[in-house]
Protein chains: 2
Amino acid sequence: MATTVVDMKDSFASENDLLAAKLKEQFREQDVFVVNILGTAGAGKTTFLIELLEALRPRRSYVIEGDIASNIDTDTLRRLGIDAYQINTGGTCHLNAAMVGGILERMRIEGPALLAIENIGNLICPVEYDIGENVRLVVSSVPEGSDKPYKYPAVFQTAGAVVITKTDLIPYVDFDVDNFTKGVRSLNPAAPIFQVTRKEEAGFAPVADWLRARVREIYPTKGIA
Amino acid sequence: MATTVVDMKDSFASENDLLAAKLKEQFREQDVFVVNILGTAGAGKTTFLIELLEALRPRRSYVIEGDIASNIDTDTLRRLGIDAYQINTGGTCHLNAAMVGGILERMRIEGPALLAIENIGNLICPVEYDIGENVRLVVSSVPEGSDKPYKYPAVFQTAGAVVITKTDLIPYVDFDVDNFTKGVRSLNPAAPIFQVTRKEEAGFAPVADWLRARVREIYPTKGIA
């Protein structure tokens, strides 16, 4: 039975890839750079996103928030003046290209712009679904423990960058930075690994610099960020 | 497309229910009480399980560890003398009755006994899959934030009990116990909500007492725990 489920996932993933390719074409035409943010429930994805936008200060930005239920994160972002839109999947454990395409019709994005998409909170299902992104950021928080790359390898394999959040908690929990780094490196030699805490704004500047460089690789003259 | 995925899930869930019913029959014949432990990645499920077994001291116990990859948790448990077995799902985001049935063939369980099953780390997929359990414990850790019941309602709806872990971190993070409790209560008026930290063993006694009462409801004379 497990094998059958996997086969079906593959078939859906292929259908998704076609839709994602169309999204990518649309984003390219509009000069929109897309970041897909992955992490487990409670990893601090929304806080990271807020601080990242603050450090990056893109010329124009949009956010899509993915959740099973609630508008909590979208409401938080809107209160901060961020142009945010909510997808509630009901019970589906990942966003897909069709969901993103659907909400884009309501968003009227104007490029050049940055679009950040916060995926559904888990380290498993979102991995297989391209949602038209240019880059994936994987957020992993200190209290989760440093064994996550070993237990959830695929999400770290596809990361453009890995961000360790809540580093202010290192004194209070078991988190072995070397063990975490070794785990990520064995799966993904290229991705930089950043360390941040919302208690030190300065920590987000290196992530913003890295992302700005990725944006300029693809849109060198558009002034997105 | 999202709708089609949900339909398929339902069909698999029904097939799973038939297998789960068979497992339940088998467990009942063997006098085995089964606990299904759910929580996101890094919520502290394994630490909770170790402390719970220590507080409960069942006459005989077995553990099944579910993970996408690695034997880290099973190795930890075995080093403590706990009879643990690993299921690696590859990429599947939940255990199902077929997987549990498969590993049971290798385990040669002798009842009366307690069987604790740690599910795959996420708050979404495991909800729909009965794996023959008598009760579900949902583990939610303080650093995840108190909004989890609002964002992932289904897992809290099906909980027999909810356990807030890592309460020693409350001074260092935003976690509103009242908000969390209100969220759980609105979904599940009956489930007790426990608070634990591995730094205070005594906190696990009330969880053990509650579980012992559940075991005795079903196996009043077997002396399982």
# chains A, B, ... in the order shown; residues from 1 in each chain; ligands from 1

$ interface_residues --of "chain B" --to "chain A" --cutoff "6 Å" --atoms "only C-alpha atoms" --output "list in words"
Gly42, Ala69, Ser70, Asn122, Glu144 and Lys151 of chain B

$ residues_around --residues "Leu114 in chain B" --least-positions-apart "6" --cutoff "10 Å" --atoms "only C-alpha atoms" --output "list in words"
Phe27, Asp31, Val32, Phe33, Val34, Val35, Leu53, Arg57, Pro58, Arg59, Arg60, Ser61, Tyr62, Val63, Val215, Ile224 and Ala225 of chain B

$ write_last_selection --atoms "C-alpha atoms" --output "PDB file, in the first residue's frame"
ATOM      1  CA  PHE B  27      -4.031  -6.343  20.031  1.00  0.00           C
ATOM      2  CA  ASP B  31      -3.858  -7.926  25.748  1.00  0.00           C
ATOM      3  CA  VAL B  32      -1.805  -5.125  24.213  1.00  0.00           C
ATOM      4  CA  PHE B  33      -2.712  -1.487  24.898  1.00  0.00           C
ATOM      5  CA  VAL B  34      -1.556   0.820  22.097  1.00  0.00           C
ATOM      6  CA  VAL B  35      -0.642   4.505  22.354  1.00  0.00           C
ATOM      7  CA  LEU B  53       7.647   4.924  30.346  1.00  0.00           C
ATOM      8  CA  ARG B  57       6.673   1.493  34.547  1.00  0.00           C
ATOM      9  CA  PRO B  58       4.486  -0.919  32.565  1.00  0.00           C
ATOM     10  CA  ARG B  59       5.009  -4.629  33.219  1.00  0.00           C
ATOM     11  CA  ARG B  60       6.165  -5.064  29.628  1.00  0.00           C
ATOM     12  CA  SER B  61       6.494  -2.489  26.871  1.00  0.00           C
ATOM     13  CA  TYR B  62       7.438  -2.140  23.229  1.00  0.00           C
ATOM     14  CA  VAL B  63       8.053   0.922  21.098  1.00  0.00           C
ATOM     15  CA  VAL B 215      -5.346   1.065  30.217  1.00  0.00           C
ATOM     16  CA  ILE B 224      -0.343  -3.943  32.100  1.00  0.00           C
ATOM     17  CA  ALA B 225       0.408  -0.723  33.992  1.00  0.00           C
TER      18      ALA B 225
END

$ closest_atom_pairs --of "range 133-182 of chain B" --to "range 190-208 of chain B" --cutoff "7 Å" --atoms "only C-alpha atoms" --output "Markdown table"
| residue | atom | partner | partner_atom | distance |
| --- | --- | --- | --- | --- |
| B:Ala159 | CA | B:Ala191 | CA | 6.6 |
| B:Gly160 | CA | B:Ala191 | CA | 5.4 |
| B:Ala161 | CA | B:Ala191 | CA | 4.7 |
| B:Val162 | CA | B:Ile193 | CA | 4.8 |
| B:Val163 | CA | B:Phe194 | CA | 4.7 |
| B:Ile164 | CA | B:Gln195 | CA | 4.7 |
| B:Thr165 | CA | B:Val196 | CA | 5.0 |
| B:Lys166 | CA | B:Thr197 | CA | 4.7 |
| B:Thr167 | CA | B:Thr197 | CA | 5.3 |
| B:Asp168 | CA | B:Thr197 | CA | 6.0 |

$ write_last_selection --atoms "N, CA and C atoms" --output "mmCIF file, in the first residue's frame"
data_model
loop_
_atom_site.group_PDB
_atom_site.id
_atom_site.type_symbol
_atom_site.label_atom_id
_atom_site.label_comp_id
_atom_site.auth_asym_id
_atom_site.auth_seq_id
_atom_site.Cartn_x
_atom_site.Cartn_y
_atom_site.Cartn_z
ATOM 1 N N ALA B 159 -7.271 14.030 19.752
ATOM 2 C CA ALA B 159 -6.375 13.696 20.867
ATOM 3 C C ALA B 159 -7.151 13.136 22.055
ATOM 4 N N GLY B 160 -6.631 12.053 22.655
ATOM 5 C CA GLY B 160 -7.143 11.584 23.937
ATOM 6 C C GLY B 160 -6.621 12.477 25.048
ATOM 7 N N ALA B 161 -5.387 12.932 24.894
ATOM 8 C CA ALA B 161 -4.790 13.904 25.811
ATOM 9 C C ALA B 161 -3.791 14.741 25.025
ATOM 10 N N VAL B 162 -3.569 15.956 25.503
ATOM 11 C CA VAL B 162 -2.603 16.866 24.887
ATOM 12 C C VAL B 162 -1.501 17.127 25.909
ATOM 13 N N VAL B 163 -0.258 17.068 25.472
ATOM 14 C CA VAL B 163 0.868 17.277 26.380
ATOM 15 C C VAL B 163 1.701 18.448 25.875
ATOM 16 N N ILE B 164 1.791 19.497 26.680
ATOM 17 C CA ILE B 164 2.673 20.623 26.364
ATOM 18 C C ILE B 164 4.061 20.257 26.883
ATOM 19 N N THR B 165 5.037 20.150 26.001
ATOM 20 C CA THR B 165 6.399 19.785 26.398
ATOM 21 C C THR B 165 7.305 21.024 26.436
ATOM 22 N N LYS B 166 8.480 20.854 27.033
ATOM 23 C CA LYS B 166 9.505 21.919 27.094
ATOM 24 C C LYS B 166 9.006 23.165 27.824
ATOM 25 N N THR B 167 8.250 22.959 28.902
ATOM 26 C CA THR B 167 7.717 24.120 29.633
ATOM 27 C C THR B 167 8.816 24.914 30.323
ATOM 28 N N ASP B 168 10.020 24.319 30.474
ATOM 29 C CA ASP B 168 11.143 25.088 31.038
ATOM 30 C C ASP B 168 11.522 26.262 30.132
#

$ select_by_dssp --residues "range 23-198 of chain B" --states "alpha helix (DSSP H)" --output "NGL selection string"
:B and (23-30 or 45-56 or 72-79 or 97-107 or 148-151 or 153-157 or 177-187)

$ select_by_dssp --residues "range 142-205 of chain A" --states "strand (DSSP E or B)" --output "ChimeraX atom specification"
/A:161-165,193-195

$ write_last_selection --atoms "N, CA and C atoms" --output "mmCIF file, in the first residue's frame"
data_model
loop_
_atom_site.group_PDB
_atom_site.id
_atom_site.type_symbol
_atom_site.label_atom_id
_atom_site.label_comp_id
_atom_site.auth_asym_id
_atom_site.auth_seq_id
_atom_site.Cartn_x
_atom_site.Cartn_y
_atom_site.Cartn_z
ATOM 1 N N ALA A 161 19.261 27.712 0.660
ATOM 2 C CA ALA A 161 19.956 28.107 1.892
ATOM 3 C C ALA A 161 19.190 27.522 3.065
ATOM 4 N N VAL A 162 19.912 27.304 4.157
ATOM 5 C CA VAL A 162 19.310 26.783 5.389
ATOM 6 C C VAL A 162 19.476 27.859 6.465
ATOM 7 N N VAL A 163 18.403 28.104 7.211
ATOM 8 C CA VAL A 163 18.449 29.131 8.244
ATOM 9 C C VAL A 163 18.121 28.501 9.595
ATOM 10 N N ILE A 164 19.069 28.550 10.507
ATOM 11 C CA ILE A 164 18.822 28.101 11.879
ATOM 12 C C ILE A 164 18.216 29.278 12.631
ATOM 13 N N THR A 165 16.983 29.121 13.100
ATOM 14 C CA THR A 165 16.293 30.192 13.821
ATOM 15 C C THR A 165 16.320 29.944 15.334
ATOM 16 N N ILE A 193 24.563 28.106 5.438
ATOM 17 C CA ILE A 193 23.768 27.881 6.652
ATOM 18 C C ILE A 193 23.873 29.138 7.507
ATOM 19 N N PHE A 194 22.762 29.824 7.669
ATOM 20 C CA PHE A 194 22.744 31.060 8.456
ATOM 21 C C PHE A 194 22.193 30.778 9.851
ATOM 22 N N GLN A 195 22.581 31.628 10.798
ATOM 23 C CA GLN A 195 22.038 31.535 12.157
ATOM 24 C C GLN A 195 21.379 32.858 12.505
#

$ closest_residue --among "B:Thr76, B:Asn119, B:Thr181, B:Asn134" --to "Ile218 in chain B" --atoms "only C-alpha atoms"
B:Asn134
